[in-house]
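Shown next, in structure tokens, is the structure this report addresses.
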Amino acid sequence: MTPIVKSILDKYEGTSPAVKANLARILMHGKLGGTGKLVILPVDQGFEHGPARSFAINPPAYDPHYHYQMAIDAGLSAYAAPLGALEAGSETFAGQIPTILKLNSSNSWATSITQAQTGSVEDALRLGCAAIGFTIYPGSDGIFQSIEQIRALREEAAAAGLATVIWSYPRGGDLSKDGELALDVGAYAAHMAALLGAHIIKVKLPSDHIEQKEAQKSYEGTDWSNQADRVKHVVQSSFAGRRIVVFSGGAAKGTDAVYQDARDILAGGGNGSIIGRNTFQRSREDALAMLAKLVAIYKGEE
């Protein structure tokens, strides 16, 4: 274990050696192993958006083995997916990359802002996962039920030695569409995940918009036009950097934008990227090239 990783784990007081060991599995794996930086491949978009919208642009990506193999060949830190996708390659790829079982999912036809639980901690143990993953929607009508659900699941996971990753995506309630990516809202969402006991926090890169009237005064007098400064504030809101924070890649975008996001995350003190559509919706060759460059950026080589 490197001094950087040991320093990160030392900040997780009150956390069992078993959970820390699984966090170390992720932090020490792949081409970024030992650096304190992470690149994770999440493939839950088929549930969220449908298979054609997710994979038709790159048909090999319909196969769960494709994603396992790409994450391994790219030297990524971990691979996250729902139950069926992990099961589909769990024997072929056992032990080759840390996995995160995404325990809840939604779909694009639903009118309510919520997710259903689709896997269990027992499933994660059976599949040899390092962590469970769970999405909450701060602002939605169902957020309080989700908070109680992840509290129980985190407790069960911790007792089994598994780490917990929380996707914290604000939407619903009084939030406007711009507000979903607002700086104050994103920082609040990250803080909420930290308070819920997340070992790894996943949030979206925030804009410079301030949504809450009550928060306006707190953000006055600072220029928030620099994305790296916004990342820094989200990290600050995650217990002053005592928790691992990774940022989602979002909708498909150009390669230059993906690389700039990574540079801003690095400059702002974030721990890395959890990037799905911007990789698997490209050809395997292009995706591997992109991931190699992202690794180089997080190593400070680009």
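Each chain in the structure tokens gets a letter, A, B and so on, in the order shown; residues start at 1 in every chain, and ligands are counted from 1 in the order they appear.
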
Contact table region 257-281 of chain A vs region 179-202 of chain A, cut-off 10 Å, shortest pair per residue, only C-alpha atoms, as JSON lines:
```
{"residue": "A:Asn271", "atom": "CA", "partner": "A:Ile200", "partner_atom": "CA", "distance": 9.5}
{"residue": "A:Gly272", "atom": "CA", "partner": "A:Lys202", "partner_atom": "CA", "distance": 9.8}
{"residue": "A:Ser273", "atom": "CA", "partner": "A:Lys202", "partner_atom": "CA", "distance": 8.8}
{"residue": "A:Ile274", "atom": "CA", "partner": "A:Lys202", "partner_atom": "CA", "distance": 7.7}
```

Problem - Test item: residues at most 7 Å from Val203 (chain A), only C-alpha atoms, excluding those fewer than 4 positions along its chain, as a list in words - result: Trp167, Ser168, Tyr169, Ala190, Val246, Phe247 and Ser248 of chain A

Take the selection from the previous step and output its residues with N, CA and C atoms, as a PDB file, in the first residue's frame.
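The resulting part_29.pdb:
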```
ATOM      1  N   TRP A 167     -24.416   7.282  -5.345  1.00  0.00           N
ATOM      2  CA  TRP A 167     -24.677   8.200  -6.449  1.00  0.00           C
ATOM      3  C   TRP A 167     -25.661   9.234  -5.894  1.00  0.00           C
ATOM      4  N   SER A 168     -25.308  10.491  -5.818  1.00  0.00           N
ATOM      5  CA  SER A 168     -26.199  11.506  -5.257  1.00  0.00           C
ATOM      6  C   SER A 168     -26.561  12.507  -6.347  1.00  0.00           C
ATOM      7  N   TYR A 169     -27.778  12.342  -6.902  1.00  0.00           N
ATOM      8  CA  TYR A 169     -28.226  13.107  -8.059  1.00  0.00           C
ATOM      9  C   TYR A 169     -29.484  13.912  -7.712  1.00  0.00           C
ATOM     10  N   ALA A 190     -23.419  16.134  -2.329  1.00  0.00           N
ATOM     11  CA  ALA A 190     -22.206  15.420  -1.915  1.00  0.00           C
ATOM     12  C   ALA A 190     -22.137  15.330  -0.398  1.00  0.00           C
ATOM     13  N   VAL A 246     -15.799  11.093  -6.658  1.00  0.00           N
ATOM     14  CA  VAL A 246     -15.601  10.934  -8.097  1.00  0.00           C
ATOM     15  C   VAL A 246     -16.764  11.594  -8.824  1.00  0.00           C
ATOM     16  N   PHE A 247     -16.495  12.020 -10.036  1.00  0.00           N
ATOM     17  CA  PHE A 247     -17.474  12.798 -10.796  1.00  0.00           C
ATOM     18  C   PHE A 247     -17.888  12.034 -12.044  1.00  0.00           C
ATOM     19  N   SER A 248     -19.185  12.064 -12.336  1.00  0.00           N
ATOM     20  CA  SER A 248     -19.709  11.329 -13.487  1.00  0.00           C
ATOM     21  C   SER A 248     -19.330  12.020 -14.793  1.00  0.00           C
TER      22      SER A 248
END
```

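Of the residues in region 96-258 of chain A, those given strand (DSSP E) by DSSP on the backbone are Thr99, Ile100, Leu101, Lys102, Asn104, Ser105, Ala116, Gln117, Ala131, Ile132, Gly133, Phe134, Thr135, Ile136, Ala163, Thr164, Val165, Ile166, Trp167, Ser168, Ile200, Ile201, Lys202, Val203, Ile244, Val245, Val246, Phe247 and Ser248 of chain A.
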
Keeping N, CA and C atoms, export the residues of the selection given above as a PDB file, in the first residue's frame.
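This went into result-v2.pdb:
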```pdb
ATOM      1  N   THR A  99     -15.305  -5.120  -8.434  1.00  0.00           N
ATOM      2  CA  THR A  99     -16.633  -4.812  -8.959  1.00  0.00           C
ATOM      3  C   THR A  99     -17.501  -4.158  -7.879  1.00  0.00           C
ATOM      4  N   ILE A 100     -18.446  -3.356  -8.365  1.00  0.00           N
ATOM      5  CA  ILE A 100     -19.398  -2.656  -7.507  1.00  0.00           C
ATOM      6  C   ILE A 100     -20.795  -3.042  -7.976  1.00  0.00           C
ATOM      7  N   LEU A 101     -21.581  -3.640  -7.103  1.00  0.00           N
ATOM      8  CA  LEU A 101     -22.942  -4.032  -7.470  1.00  0.00           C
ATOM      9  C   LEU A 101     -23.874  -2.853  -7.249  1.00  0.00           C
ATOM     10  N   LYS A 102     -24.457  -2.353  -8.344  1.00  0.00           N
ATOM     11  CA  LYS A 102     -25.438  -1.263  -8.264  1.00  0.00           C
ATOM     12  C   LYS A 102     -26.760  -1.871  -7.788  1.00  0.00           C
ATOM     13  N   ASN A 104     -29.747  -0.423  -6.977  1.00  0.00           N
ATOM     14  CA  ASN A 104     -31.061   0.089  -7.362  1.00  0.00           C
ATOM     15  C   ASN A 104     -30.984   0.732  -8.746  1.00  0.00           C
ATOM     16  N   SER A 105     -32.129   0.789  -9.397  1.00  0.00           N
ATOM     17  CA  SER A 105     -32.191   1.317 -10.762  1.00  0.00           C
ATOM     18  C   SER A 105     -33.576   1.881 -11.034  1.00  0.00           C
ATOM     19  N   ALA A 116     -35.940   1.382  -7.889  1.00  0.00           N
ATOM     20  CA  ALA A 116     -36.305   0.141  -7.219  1.00  0.00           C
ATOM     21  C   ALA A 116     -35.036  -0.629  -6.871  1.00  0.00           C
ATOM     22  N   GLN A 117     -35.056  -1.309  -5.742  1.00  0.00           N
ATOM     23  CA  GLN A 117     -33.907  -2.138  -5.383  1.00  0.00           C
ATOM     24  C   GLN A 117     -33.906  -3.390  -6.248  1.00  0.00           C
ATOM     25  N   ALA A 131     -17.725  -3.511  -3.282  1.00  0.00           N
ATOM     26  CA  ALA A 131     -18.621  -2.471  -2.763  1.00  0.00           C
ATOM     27  C   ALA A 131     -20.019  -2.639  -3.334  1.00  0.00           C
ATOM     28  N   ILE A 132     -20.968  -2.000  -2.667  1.00  0.00           N
ATOM     29  CA  ILE A 132     -22.313  -1.834  -3.210  1.00  0.00           C
ATOM     30  C   ILE A 132     -22.447  -0.390  -3.682  1.00  0.00           C
ATOM     31  N   GLY A 133     -23.347  -0.168  -4.636  1.00  0.00           N
ATOM     32  CA  GLY A 133     -23.650   1.175  -5.109  1.00  0.00           C
ATOM     33  C   GLY A 133     -25.135   1.440  -4.992  1.00  0.00           C
ATOM     34  N   PHE A 134     -25.506   2.708  -4.750  1.00  0.00           N
ATOM     35  CA  PHE A 134     -26.911   3.047  -4.531  1.00  0.00           C
ATOM     36  C   PHE A 134     -27.127   4.494  -4.935  1.00  0.00           C
ATOM     37  N   THR A 135     -28.208   4.755  -5.668  1.00  0.00           N
ATOM     38  CA  THR A 135     -28.543   6.115  -6.094  1.00  0.00           C
ATOM     39  C   THR A 135     -29.594   6.722  -5.185  1.00  0.00           C
ATOM     40  N   ILE A 136     -29.360   7.978  -4.773  1.00  0.00           N
ATOM     41  CA  ILE A 136     -30.397   8.755  -4.105  1.00  0.00           C
ATOM     42  C   ILE A 136     -30.688   9.996  -4.951  1.00  0.00           C
ATOM     43  N   ALA A 163     -17.616  -1.940   1.047  1.00  0.00           N
ATOM     44  CA  ALA A 163     -17.702  -0.482   1.015  1.00  0.00           C
ATOM     45  C   ALA A 163     -19.020  -0.066   0.361  1.00  0.00           C
ATOM     46  N   THR A 164     -19.382   1.199   0.556  1.00  0.00           N
ATOM     47  CA  THR A 164     -20.620   1.747  -0.014  1.00  0.00           C
ATOM     48  C   THR A 164     -20.312   2.949  -0.887  1.00  0.00           C
ATOM     49  N   VAL A 165     -20.846   2.915  -2.115  1.00  0.00           N
ATOM     50  CA  VAL A 165     -20.740   4.035  -3.047  1.00  0.00           C
ATOM     51  C   VAL A 165     -22.133   4.629  -3.195  1.00  0.00           C
ATOM     52  N   ILE A 166     -22.274   5.944  -3.012  1.00  0.00           N
ATOM     53  CA  ILE A 166     -23.581   6.579  -3.184  1.00  0.00           C
ATOM     54  C   ILE A 166     -23.534   7.536  -4.369  1.00  0.00           C
ATOM     55  N   TRP A 167     -24.416   7.282  -5.345  1.00  0.00           N
ATOM     56  CA  TRP A 167     -24.677   8.200  -6.449  1.00  0.00           C
ATOM     57  C   TRP A 167     -25.661   9.234  -5.894  1.00  0.00           C
ATOM     58  N   SER A 168     -25.308  10.491  -5.818  1.00  0.00           N
ATOM     59  CA  SER A 168     -26.199  11.506  -5.257  1.00  0.00           C
ATOM     60  C   SER A 168     -26.561  12.507  -6.347  1.00  0.00           C
ATOM     61  N   ILE A 200     -17.414   6.164  -0.899  1.00  0.00           N
ATOM     62  CA  ILE A 200     -17.109   6.836  -2.159  1.00  0.00           C
ATOM     63  C   ILE A 200     -18.373   7.582  -2.588  1.00  0.00           C
ATOM     64  N   ILE A 201     -18.221   8.855  -2.930  1.00  0.00           N
ATOM     65  CA  ILE A 201     -19.339   9.702  -3.319  1.00  0.00           C
ATOM     66  C   ILE A 201     -19.255   9.972  -4.813  1.00  0.00           C
ATOM     67  N   LYS A 202     -20.370   9.742  -5.510  1.00  0.00           N
ATOM     68  CA  LYS A 202     -20.427  10.032  -6.940  1.00  0.00           C
ATOM     69  C   LYS A 202     -21.431  11.146  -7.182  1.00  0.00           C
ATOM     70  N   VAL A 203     -20.970  12.246  -7.775  1.00  0.00           N
ATOM     71  CA  VAL A 203     -21.844  13.365  -8.103  1.00  0.00           C
ATOM     72  C   VAL A 203     -21.529  13.849  -9.515  1.00  0.00           C
ATOM     73  N   ILE A 244     -13.689  10.099  -0.435  1.00  0.00           N
ATOM     74  CA  ILE A 244     -13.362   9.949  -1.853  1.00  0.00           C
ATOM     75  C   ILE A 244     -14.534  10.473  -2.672  1.00  0.00           C
ATOM     76  N   VAL A 245     -14.262  11.383  -3.600  1.00  0.00           N
ATOM     77  CA  VAL A 245     -15.306  11.960  -4.453  1.00  0.00           C
ATOM     78  C   VAL A 245     -14.920  11.758  -5.910  1.00  0.00           C
ATOM     79  N   VAL A 246     -15.799  11.093  -6.658  1.00  0.00           N
ATOM     80  CA  VAL A 246     -15.601  10.934  -8.097  1.00  0.00           C
ATOM     81  C   VAL A 246     -16.764  11.594  -8.824  1.00  0.00           C
ATOM     82  N   PHE A 247     -16.495  12.020 -10.036  1.00  0.00           N
ATOM     83  CA  PHE A 247     -17.474  12.798 -10.796  1.00  0.00           C
ATOM     84  C   PHE A 247     -17.888  12.034 -12.044  1.00  0.00           C
ATOM     85  N   SER A 248     -19.185  12.064 -12.336  1.00  0.00           N
ATOM     86  CA  SER A 248     -19.709  11.329 -13.487  1.00  0.00           C
ATOM     87  C   SER A 248     -19.330  12.020 -14.793  1.00  0.00           C
TER      88      SER A 248
END
```

Exercise for the section: Check the smallest atom-to-atom distance from each of A:Ala124, A:Leu291, A:Ala158, A:Leu38 to Lys20 (chain A) using only C-alpha atoms, then report the winner. Expected result: A:Ala158

Practice task
Any chance you could list, as number ranges by chain, the residues in region 61-209 of chain A that come up alpha helix (DSSP H) when DSSP is run on the backbone?
Solution key: A: 64-73, 83-87, 121-126, 143-159, 183-195

Written file, previous selection with N, CA and C atoms, as a short mmCIF file (atom, residue, chain, number, x, y, z; two decimals), in the first residue's frame:
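Okay, selection.cif is ready:
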```cif
data_model
loop_
_atom_site.label_atom_id
_atom_site.label_comp_id
_atom_site.auth_asym_id
_atom_site.auth_seq_id
_atom_site.Cartn_x
_atom_site.Cartn_y
_atom_site.Cartn_z
N PRO A 64 -22.37 -7.98 -21.79
CA PRO A 64 -21.70 -7.60 -20.55
C PRO A 64 -20.22 -7.96 -20.52
N HIS A 65 -19.82 -9.02 -21.21
CA HIS A 65 -18.40 -9.38 -21.25
C HIS A 65 -17.56 -8.27 -21.88
N TYR A 66 -18.15 -7.53 -22.80
CA TYR A 66 -17.44 -6.43 -23.46
C TYR A 66 -16.99 -5.39 -22.44
N HIS A 67 -17.86 -5.09 -21.51
CA HIS A 67 -17.56 -4.05 -20.51
C HIS A 67 -16.54 -4.55 -19.49
N TYR A 68 -16.73 -5.77 -19.03
CA TYR A 68 -15.72 -6.37 -18.14
C TYR A 68 -14.33 -6.28 -18.80
N GLN A 69 -14.25 -6.76 -20.04
CA GLN A 69 -12.95 -6.85 -20.71
C GLN A 69 -12.36 -5.48 -20.96
N MET A 70 -13.21 -4.51 -21.32
CA MET A 70 -12.68 -3.17 -21.56
C MET A 70 -12.14 -2.55 -20.28
N ALA A 71 -12.86 -2.73 -19.18
CA ALA A 71 -12.39 -2.19 -17.90
C ALA A 71 -11.06 -2.83 -17.49
N ILE A 72 -10.93 -4.12 -17.75
CA ILE A 72 -9.68 -4.83 -17.41
C ILE A 72 -8.55 -4.38 -18.32
N ASP A 73 -8.81 -4.35 -19.63
CA ASP A 73 -7.75 -4.00 -20.59
C ASP A 73 -7.31 -2.55 -20.43
N LEU A 83 -27.17 -6.20 -11.10
CA LEU A 83 -27.01 -7.61 -10.80
C LEU A 83 -26.80 -8.49 -12.04
N GLY A 84 -27.72 -8.41 -12.99
CA GLY A 84 -27.66 -9.31 -14.15
C GLY A 84 -26.38 -9.16 -14.94
N ALA A 85 -25.92 -7.92 -15.11
CA ALA A 85 -24.71 -7.67 -15.89
C ALA A 85 -23.48 -8.24 -15.20
N LEU A 86 -23.39 -8.08 -13.87
CA LEU A 86 -22.24 -8.65 -13.15
C LEU A 86 -22.30 -10.18 -13.15
N GLU A 87 -23.48 -10.72 -12.95
CA GLU A 87 -23.62 -12.19 -12.97
C GLU A 87 -23.18 -12.77 -14.31
N VAL A 121 -27.10 -7.08 -0.67
CA VAL A 121 -25.74 -7.23 -0.15
C VAL A 121 -25.30 -8.68 -0.29
N GLU A 122 -26.23 -9.61 -0.08
CA GLU A 122 -25.92 -11.04 -0.26
C GLU A 122 -25.46 -11.31 -1.70
N ASP A 123 -26.11 -10.68 -2.67
CA ASP A 123 -25.68 -10.83 -4.07
C ASP A 123 -24.26 -10.31 -4.25
N ALA A 124 -23.97 -9.16 -3.66
CA ALA A 124 -22.64 -8.57 -3.79
C ALA A 124 -21.57 -9.48 -3.21
N LEU A 125 -21.86 -10.10 -2.08
CA LEU A 125 -20.91 -11.04 -1.47
C LEU A 125 -20.72 -12.27 -2.36
N ARG A 126 -21.83 -12.78 -2.86
CA ARG A 126 -21.77 -13.98 -3.72
C ARG A 126 -20.94 -13.73 -4.97
N ILE A 143 -37.19 10.78 -1.41
CA ILE A 143 -35.83 10.80 -0.88
C ILE A 143 -35.75 10.25 0.54
N PHE A 144 -36.76 10.48 1.35
CA PHE A 144 -36.65 10.04 2.74
C PHE A 144 -36.73 8.52 2.85
N GLN A 145 -37.53 7.90 2.00
CA GLN A 145 -37.56 6.44 1.95
C GLN A 145 -36.22 5.90 1.47
N SER A 146 -35.63 6.56 0.45
CA SER A 146 -34.33 6.13 -0.06
C SER A 146 -33.24 6.26 1.00
N ILE A 147 -33.30 7.33 1.78
CA ILE A 147 -32.31 7.53 2.84
C ILE A 147 -32.40 6.41 3.87
N GLU A 148 -33.62 6.04 4.25
CA GLU A 148 -33.77 4.94 5.21
C GLU A 148 -33.30 3.61 4.61
N GLN A 149 -33.56 3.44 3.31
CA GLN A 149 -33.16 2.20 2.64
C GLN A 149 -31.64 2.08 2.59
N ILE A 150 -30.94 3.16 2.20
CA ILE A 150 -29.48 3.06 2.10
C ILE A 150 -28.85 3.00 3.49
N ARG A 151 -29.49 3.57 4.49
CA ARG A 151 -28.96 3.43 5.84
C ARG A 151 -28.89 1.97 6.24
N ALA A 152 -29.97 1.23 5.97
CA ALA A 152 -30.01 -0.19 6.32
C ALA A 152 -29.04 -1.00 5.46
N LEU A 153 -29.00 -0.69 4.16
CA LEU A 153 -28.11 -1.44 3.27
C LEU A 153 -26.65 -1.17 3.59
N ARG A 154 -26.31 0.09 3.92
CA ARG A 154 -24.93 0.40 4.28
C ARG A 154 -24.51 -0.35 5.54
N GLU A 155 -25.42 -0.40 6.51
CA GLU A 155 -25.14 -1.12 7.75
C GLU A 155 -24.88 -2.60 7.47
N GLU A 156 -25.71 -3.19 6.62
CA GLU A 156 -25.56 -4.60 6.26
C GLU A 156 -24.26 -4.81 5.48
N ALA A 157 -23.95 -3.90 4.57
CA ALA A 157 -22.72 -4.01 3.77
C ALA A 157 -21.49 -3.89 4.66
N ALA A 158 -21.50 -2.93 5.57
CA ALA A 158 -20.36 -2.73 6.47
C ALA A 158 -20.13 -3.96 7.34
N ALA A 159 -21.22 -4.57 7.82
CA ALA A 159 -21.09 -5.78 8.63
C ALA A 159 -20.47 -6.92 7.84
N LEU A 183 -24.21 24.65 -8.43
CA LEU A 183 -23.07 24.45 -7.52
C LEU A 183 -23.53 24.19 -6.09
N ASP A 184 -24.43 25.03 -5.60
CA ASP A 184 -24.87 24.85 -4.22
C ASP A 184 -25.61 23.53 -4.03
N VAL A 185 -26.36 23.13 -5.03
CA VAL A 185 -27.13 21.89 -4.96
C VAL A 185 -26.19 20.68 -5.02
N GLY A 186 -25.20 20.73 -5.92
CA GLY A 186 -24.24 19.63 -6.03
C GLY A 186 -23.42 19.45 -4.77
N ALA A 187 -23.00 20.56 -4.17
CA ALA A 187 -22.24 20.49 -2.93
C ALA A 187 -23.09 19.91 -1.80
N TYR A 188 -24.35 20.33 -1.76
CA TYR A 188 -25.31 19.81 -0.77
C TYR A 188 -25.50 18.30 -0.96
N ALA A 189 -25.62 17.87 -2.21
CA ALA A 189 -25.82 16.45 -2.52
C ALA A 189 -24.61 15.62 -2.09
N ALA A 190 -23.42 16.13 -2.33
CA ALA A 190 -22.21 15.42 -1.92
C ALA A 190 -22.14 15.33 -0.40
N HIS A 191 -22.46 16.44 0.27
CA HIS A 191 -22.43 16.45 1.74
C HIS A 191 -23.44 15.47 2.31
N MET A 192 -24.62 15.40 1.69
CA MET A 192 -25.65 14.48 2.14
C MET A 192 -25.15 13.03 2.03
N ALA A 193 -24.48 12.70 0.94
CA ALA A 193 -23.95 11.35 0.77
C ALA A 193 -22.90 11.04 1.83
N ALA A 194 -22.05 12.03 2.13
CA ALA A 194 -21.05 11.84 3.18
C ALA A 194 -21.72 11.60 4.53
N LEU A 195 -22.76 12.37 4.82
CA LEU A 195 -23.48 12.21 6.08
C LEU A 195 -24.16 10.85 6.18
#
```

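Among the candidates A:Leu175, A:Ala80, A:Ala251, A:Leu294, the one nearest to Ala130 (chain A) when counting only C-alpha atoms is A:Ala80.
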
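Candidate residues A:Arg242, A:Ala94, A:Asp63, A:Gly142 were compared for distance to Leu9 (chain A), and the nearest is A:Arg242, using only C-alpha atoms.
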
Handout entry: Neighbour list for Phe55 (chain A) as a count of residues only, cut-off 8 Å, only C-alpha atoms, skip fewer than 4 positions in-chain
Key = 8

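With distances restricted to only C-alpha atoms, A:Ala228 is the closest residue to Gly270 (chain A) from A:Met290, A:Ala78, A:Ile57, A:Ala228.
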
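Take the candidates A:Thr279, A:Val234, A:Gly139, A:Met1 and check each one against Thr255 (chain A) using only C-alpha atoms; the shortest distance goes to A:Thr279.
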
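Shortest separation to Ala74 (chain A) among A:Arg25, A:Lys232, A:His209, A:Lys293 occurs at residue A:Lys293, atoms counted being only C-alpha atoms.
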
Would you list the contacts of Gly36 (chain A) as a PDB file with C-alpha atoms, in the first residue's frame, taking every protein, DNA or RNA residue within 8 Å and counting only C-alpha atoms, but skipping same-chain residues closer than 6 positions in sequence?
```pdb
ATOM      1  CA  ILE A   4      -1.132   8.177  -0.478  1.00  0.00           C
ATOM      2  CA  VAL A   5      -3.639   5.342  -0.134  1.00  0.00           C
ATOM      3  CA  ILE A   8      -6.844   8.292   2.432  1.00  0.00           C
ATOM      4  CA  LEU A  27      -7.538   2.263  -4.738  1.00  0.00           C
ATOM      5  CA  ASN A 271     -10.426  11.645  -6.807  1.00  0.00           C
TER       6      ASN A 271
END
```
